[in-house]
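Q: What follows is a single structure, and I will ask about it in a moment.
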Amino acid sequence: MPFDGVKHRIGVLALQGAVSEHADMLSVLGADVSLVRTPAQLDGLDGLVMPGGESTAIARLAAPMGLLRAIRARLDGGDFGVLGTCAGLILLSDDIAEPGALAGFDRVGGLDVLVERNGYGGQLASFEADVECAAEDFEVGTIPASTPSRVAFIRAPIIRRVGAGVRVVATHQGNPVAVASGRIVAAAYHPEITGDLALHRYFLRTLGVSSSV
Ligand code: GLN
């Protein structure tokens with residue numbers, strides 16, 4: 001059930017990648033969830049999740065509709081936030097080291113970080129790990145701040161540079177793996193593989209949403 005009677009409307013970008021898992025997690029946290037495949041489907045939303053998958057595929061599918069530019073316009077307009085994971089982080093980043101197949105395609109941008117795609121290695125180098133979440137950002141409800149989040153890294157990007165206005169909200173072995181800036185929250189990892197709700201809960205809080213889970 002939503003907290004304080006507030007039920008925020010959160011879209012999940014549904015072009016490619018881990019769509020239904022994110023939708024399920026947002027529903028568990030009390031959000032009113034819809035799938036987004038066109039710019040018009042952004043109307044009326046308070047926020048959007050850009051799932052992990054393959055950034056080049058998402059950018060190509062979004063291009064004919066100008067969907068990533070439309071997401072940026074909503075961000076710039078205020079009253080709208082985006083949570084990006086893995087490929088979502090890549091598409092939100094201002095800078096990409098060797099963009100490769102992403103070169104020439106629209107991205108969302110707006111997050112002052114430099115990422116390196118596949119920085120942790122390829123599919124076979126995927127791994128699960130506990131990440132350390134920053135206490136002041138994640139301490140909420142009954143979840144102690146010291147609880148590590150168990151998450152999955154799958155062909156994950158490495159965050160190589162974090163801009164001055166960007167907060168590191170989770171680390172792995174001392175390196176930044178989740179960041180926040182304004183109404184953008186982004187992580188190199190997949191929280192939906194293990195079902196760890198910390199990042200989604202934190203995202204909803206940045207939108208002024210308190211979840212009851
Ligand atoms: N390496 C992928 C990309 O460049 C991202 C991987 C993922 O989202 N799991 O898009």
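Following the order of the structure tokens, chains are lettered A, B, ..., residues in each are numbered from 1, and ligands are numbered from 1.
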Excluding segment 61-69 of chain A and residues on its chain fewer than 2 positions from it, collect all residues at most 7 Å away from it, counting only C-alpha atoms, and give them as a list of chain:residue names.

A: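 Residues near the query, excluding close chain neighbours: A:Leu15, A:Thr38, A:Pro39, A:Ala57, A:Ile58, A:Ala59, A:Ile71, A:Arg72, A:Ala73, A:Asp106, A:Arg107, A:Val108.
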
Q: Kindly export the residues of the current selection with all heavy atoms, as a PDB file, in the first residue's frame.

A:
ATOM      1  N   LEU A  15      11.432  -0.912 -23.978  1.00  0.00           N
ATOM      2  CA  LEU A  15      11.889  -1.213 -25.333  1.00  0.00           C
ATOM      3  C   LEU A  15      12.678  -2.510 -25.368  1.00  0.00           C
ATOM      4  O   LEU A  15      12.624  -3.273 -26.326  1.00  0.00           O
ATOM      5  CB  LEU A  15      12.764  -0.070 -25.861  1.00  0.00           C
ATOM      6  CG  LEU A  15      12.074   1.284 -25.986  1.00  0.00           C
ATOM      7  CD1 LEU A  15      13.058   2.326 -26.474  1.00  0.00           C
ATOM      8  CD2 LEU A  15      10.875   1.188 -26.922  1.00  0.00           C
ATOM      9  N   THR A  38       6.534   5.064 -25.979  1.00  0.00           N
ATOM     10  CA  THR A  38       6.417   6.246 -26.849  1.00  0.00           C
ATOM     11  C   THR A  38       6.540   7.503 -25.994  1.00  0.00           C
ATOM     12  O   THR A  38       6.274   7.472 -24.785  1.00  0.00           O
ATOM     13  CB  THR A  38       5.038   6.289 -27.540  1.00  0.00           C
ATOM     14  OG1 THR A  38       4.033   6.509 -26.535  1.00  0.00           O
ATOM     15  CG2 THR A  38       4.745   5.001 -28.291  1.00  0.00           C
ATOM     16  N   PRO A  39       6.915   8.643 -26.604  1.00  0.00           N
ATOM     17  CA  PRO A  39       6.988   9.887 -25.834  1.00  0.00           C
ATOM     18  C   PRO A  39       5.665  10.232 -25.156  1.00  0.00           C
ATOM     19  O   PRO A  39       5.661  10.711 -24.015  1.00  0.00           O
ATOM     20  CB  PRO A  39       7.379  10.930 -26.892  1.00  0.00           C
ATOM     21  CG  PRO A  39       8.152  10.161 -27.909  1.00  0.00           C
ATOM     22  CD  PRO A  39       7.470   8.812 -27.976  1.00  0.00           C
ATOM     23  N   ALA A  57      20.879  -1.297 -28.234  1.00  0.00           N
ATOM     24  CA  ALA A  57      19.552  -1.714 -28.709  1.00  0.00           C
ATOM     25  C   ALA A  57      18.495  -0.710 -28.277  1.00  0.00           C
ATOM     26  O   ALA A  57      17.619  -0.324 -29.069  1.00  0.00           O
ATOM     27  CB  ALA A  57      19.216  -3.110 -28.169  1.00  0.00           C
ATOM     28  N   ILE A  58      18.561  -0.267 -27.030  1.00  0.00           N
ATOM     29  CA  ILE A  58      17.564   0.695 -26.531  1.00  0.00           C
ATOM     30  C   ILE A  58      17.670   2.003 -27.317  1.00  0.00           C
ATOM     31  O   ILE A  58      16.658   2.572 -27.743  1.00  0.00           O
ATOM     32  CB  ILE A  58      17.760   0.922 -25.014  1.00  0.00           C
ATOM     33  CG1 ILE A  58      17.475  -0.378 -24.246  1.00  0.00           C
ATOM     34  CG2 ILE A  58      16.858   2.054 -24.516  1.00  0.00           C
ATOM     35  CD1 ILE A  58      17.866  -0.347 -22.770  1.00  0.00           C
ATOM     36  N   ALA A  59      18.913   2.473 -27.535  1.00  0.00           N
ATOM     37  CA  ALA A  59      19.098   3.741 -28.257  1.00  0.00           C
ATOM     38  C   ALA A  59      18.558   3.632 -29.682  1.00  0.00           C
ATOM     39  O   ALA A  59      17.922   4.564 -30.192  1.00  0.00           O
ATOM     40  CB  ALA A  59      20.574   4.122 -28.273  1.00  0.00           C
ATOM     41  N   ILE A  71      12.568  12.076 -22.881  1.00  0.00           N
ATOM     42  CA  ILE A  71      12.845  11.812 -21.457  1.00  0.00           C
ATOM     43  C   ILE A  71      13.685  12.948 -20.885  1.00  0.00           C
ATOM     44  O   ILE A  71      13.432  13.451 -19.784  1.00  0.00           O
ATOM     45  CB  ILE A  71      13.553  10.450 -21.293  1.00  0.00           C
ATOM     46  CG1 ILE A  71      12.616   9.311 -21.697  1.00  0.00           C
ATOM     47  CG2 ILE A  71      14.047  10.265 -19.858  1.00  0.00           C
ATOM     48  CD1 ILE A  71      13.296   7.957 -21.846  1.00  0.00           C
ATOM     49  N   ARG A  72      14.691  13.400 -21.653  1.00  0.00           N
ATOM     50  CA  ARG A  72      15.529  14.507 -21.184  1.00  0.00           C
ATOM     51  C   ARG A  72      14.689  15.783 -21.003  1.00  0.00           C
ATOM     52  O   ARG A  72      14.872  16.533 -20.035  1.00  0.00           O
ATOM     53  CB  ARG A  72      16.671  14.748 -22.175  1.00  0.00           C
ATOM     54  CG  ARG A  72      17.539  15.948 -21.843  1.00  0.00           C
ATOM     55  CD  ARG A  72      18.215  15.771 -20.458  1.00  0.00           C
ATOM     56  NE  ARG A  72      19.035  16.914 -20.137  1.00  0.00           N
ATOM     57  CZ  ARG A  72      20.343  17.008 -20.419  1.00  0.00           C
ATOM     58  NH1 ARG A  72      20.963  16.012 -21.028  1.00  0.00           N
ATOM     59  NH2 ARG A  72      21.023  18.064 -20.083  1.00  0.00           N
ATOM     60  N   ALA A  73      13.769  16.001 -21.910  1.00  0.00           N
ATOM     61  CA  ALA A  73      12.920  17.192 -21.801  1.00  0.00           C
ATOM     62  C   ALA A  73      12.082  17.136 -20.525  1.00  0.00           C
ATOM     63  O   ALA A  73      11.904  18.147 -19.842  1.00  0.00           O
ATOM     64  CB  ALA A  73      12.026  17.314 -23.035  1.00  0.00           C
ATOM     65  N   ASP A 106      21.110   9.436 -30.139  1.00  0.00           N
ATOM     66  CA  ASP A 106      20.665  10.229 -28.991  1.00  0.00           C
ATOM     67  C   ASP A 106      20.823   9.435 -27.719  1.00  0.00           C
ATOM     68  O   ASP A 106      20.601   8.214 -27.702  1.00  0.00           O
ATOM     69  CB  ASP A 106      19.158  10.536 -29.111  1.00  0.00           C
ATOM     70  CG  ASP A 106      18.881  11.688 -30.043  1.00  0.00           C
ATOM     71  OD1 ASP A 106      19.807  12.467 -30.318  1.00  0.00           O
ATOM     72  OD2 ASP A 106      17.727  11.795 -30.490  1.00  0.00           O
ATOM     73  N   ARG A 107      21.209  10.145 -26.665  1.00  0.00           N
ATOM     74  CA  ARG A 107      21.107   9.561 -25.333  1.00  0.00           C
ATOM     75  C   ARG A 107      20.271  10.530 -24.498  1.00  0.00           C
ATOM     76  O   ARG A 107      19.867  11.568 -24.970  1.00  0.00           O
ATOM     77  CB  ARG A 107      22.496   9.378 -24.722  1.00  0.00           C
ATOM     78  CG  ARG A 107      23.432   8.561 -25.581  1.00  0.00           C
ATOM     79  CD  ARG A 107      24.618   8.058 -24.773  1.00  0.00           C
ATOM     80  NE  ARG A 107      25.380   9.089 -24.095  1.00  0.00           N
ATOM     81  CZ  ARG A 107      26.421   9.715 -24.633  1.00  0.00           C
ATOM     82  NH1 ARG A 107      26.812   9.413 -25.849  1.00  0.00           N
ATOM     83  NH2 ARG A 107      27.071  10.638 -23.961  1.00  0.00           N
ATOM     84  N   VAL A 108      20.052  10.192 -23.233  1.00  0.00           N
ATOM     85  CA  VAL A 108      19.332  11.110 -22.360  1.00  0.00           C
ATOM     86  C   VAL A 108      20.326  12.135 -21.809  1.00  0.00           C
ATOM     87  O   VAL A 108      20.120  13.338 -21.900  1.00  0.00           O
ATOM     88  CB  VAL A 108      18.636  10.351 -21.210  1.00  0.00           C
ATOM     89  CG1 VAL A 108      17.910  11.323 -20.285  1.00  0.00           C
ATOM     90  CG2 VAL A 108      17.656   9.324 -21.781  1.00  0.00           C
TER      91      VAL A 108
END

Q: Pull the strand (DSSP E or B) assignments for segment 37-134 of chain A out of DSSP run on the backbone, and list those residues as a list in words.

A: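 After running DSSP on the backbone, segment 37-134 of chain A has strand (DSSP E or B) at Gly47, Leu48, Val49, Met50, Gly81, Val82, Leu83, Gly84, Thr85, Ser93, Asp94, Asp95, Ile96, Ala97, Leu111, Asp112, Val113, Leu114, Val115, Glu116, Phe127, Glu128, Ala129, Asp130, Val131, Glu132 and Cys133 of chain A.
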
Q: Name the residues, by chain letter and number, that sit within 6 Å of ligand 1 using only C-alpha atoms and all ligand atoms, and give them as a ChimeraX atom specification.

A: /A:52-56,86-87,117-118,154-156

Q: When you count only C-alpha atoms, which of these residues is closest to Ser181 of chain A: A:Lys7, A:His200, A:Arg167, A:His22?

A: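 The closest residue to Ser181 of chain A is A:Arg167.
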
Q: How many Å lie between atom CA of Ala40 of chain A and atom CA of Pro191 of chain A, rounded to one decimal?

A: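 We find that atom CA of Ala40 of chain A and atom CA of Pro191 of chain A lie 27.7 Å from each other.
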
Q: From the set A:Leu48, A:Val36, A:Ala198, A:Cys133, which residue has the shortest atom-to-atom contact distance to His8 of chain A, counting only C-alpha atoms?

A: A:Leu48

Q: Give me the residues near Val166 of chain A as a PyMOL selection string, where near means some atom within 12 Å (using only C-alpha atoms) and where sequence neighbours in that chain fewer than 4 positions away do not count.

A: chain A and resi 93-94+110-114+159+161-162+176+178-186

Q: Compare A:Ala23, A:Ala152, A:Ala125, A:Leu42 by their minimum atom-to-atom distance to Ala188 of chain A, counting only C-alpha atoms, and give me the closest one.

A: A:Ala152

Q: For each of A:Arg60, A:Arg160, A:Arg150, A:Arg37, take the minimum atom-to-atom distance to Gly104 of chain A, counting only C-alpha atoms, then give the residue where this is smallest.

A: A:Arg60

Q: Hey, what does DSSP flag as alpha helix (DSSP H) within segment 102-202 of chain A? Can you give it to me as a PyMOL selection string?

A: chain A and resi 135-138+198-202

Q: Export C-alpha atoms of the chosen residues as a PDB file, in the first residue's frame?

A:
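Below you can see out_14.pdb, which holds the result:
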ATOM      1  CA  ALA A 135      23.958   5.504   5.252  1.00  0.00           C
ATOM      2  CA  GLU A 136      22.457   8.975   4.941  1.00  0.00           C
ATOM      3  CA  ASP A 137      20.825   8.092   1.631  1.00  0.00           C
ATOM      4  CA  PHE A 138      19.546   4.622   2.311  1.00  0.00           C
ATOM      5  CA  ALA A 198      16.956  -0.479  -1.629  1.00  0.00           C
ATOM      6  CA  LEU A 199      17.663   1.439  -4.839  1.00  0.00           C
ATOM      7  CA  HIS A 200      14.016   1.660  -5.909  1.00  0.00           C
ATOM      8  CA  ARG A 201      12.979   2.728  -2.436  1.00  0.00           C
ATOM      9  CA  TYR A 202      15.667   5.398  -2.464  1.00  0.00           C
TER      10      TYR A 202
END

Q: For Tyr120 of chain A, which residue out of A:Val177, A:Val49, A:Leu89, A:Ile10 is the nearest one, using only C-alpha atoms?

A: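 Under the stated criterion, the closest residue is A:Val177.
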
Q: Between A:Met50, A:Leu45, A:Leu207, A:Val19, which residue has the minimum interatomic distance to Arg74 of chain A, considering only C-alpha atoms?

A: A:Leu45

Q: What gap, in Å, lies between atom CA of Ala97 of chain A and atom CA of Val115 of chain A?

A: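 A separation of 6.1 Å between them.
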
Q: Rounded to one decimal place, report the atom CA of Val169 of chain A-atom CA of Glu132 of chain A distance in Å.

A: 8.4 Å
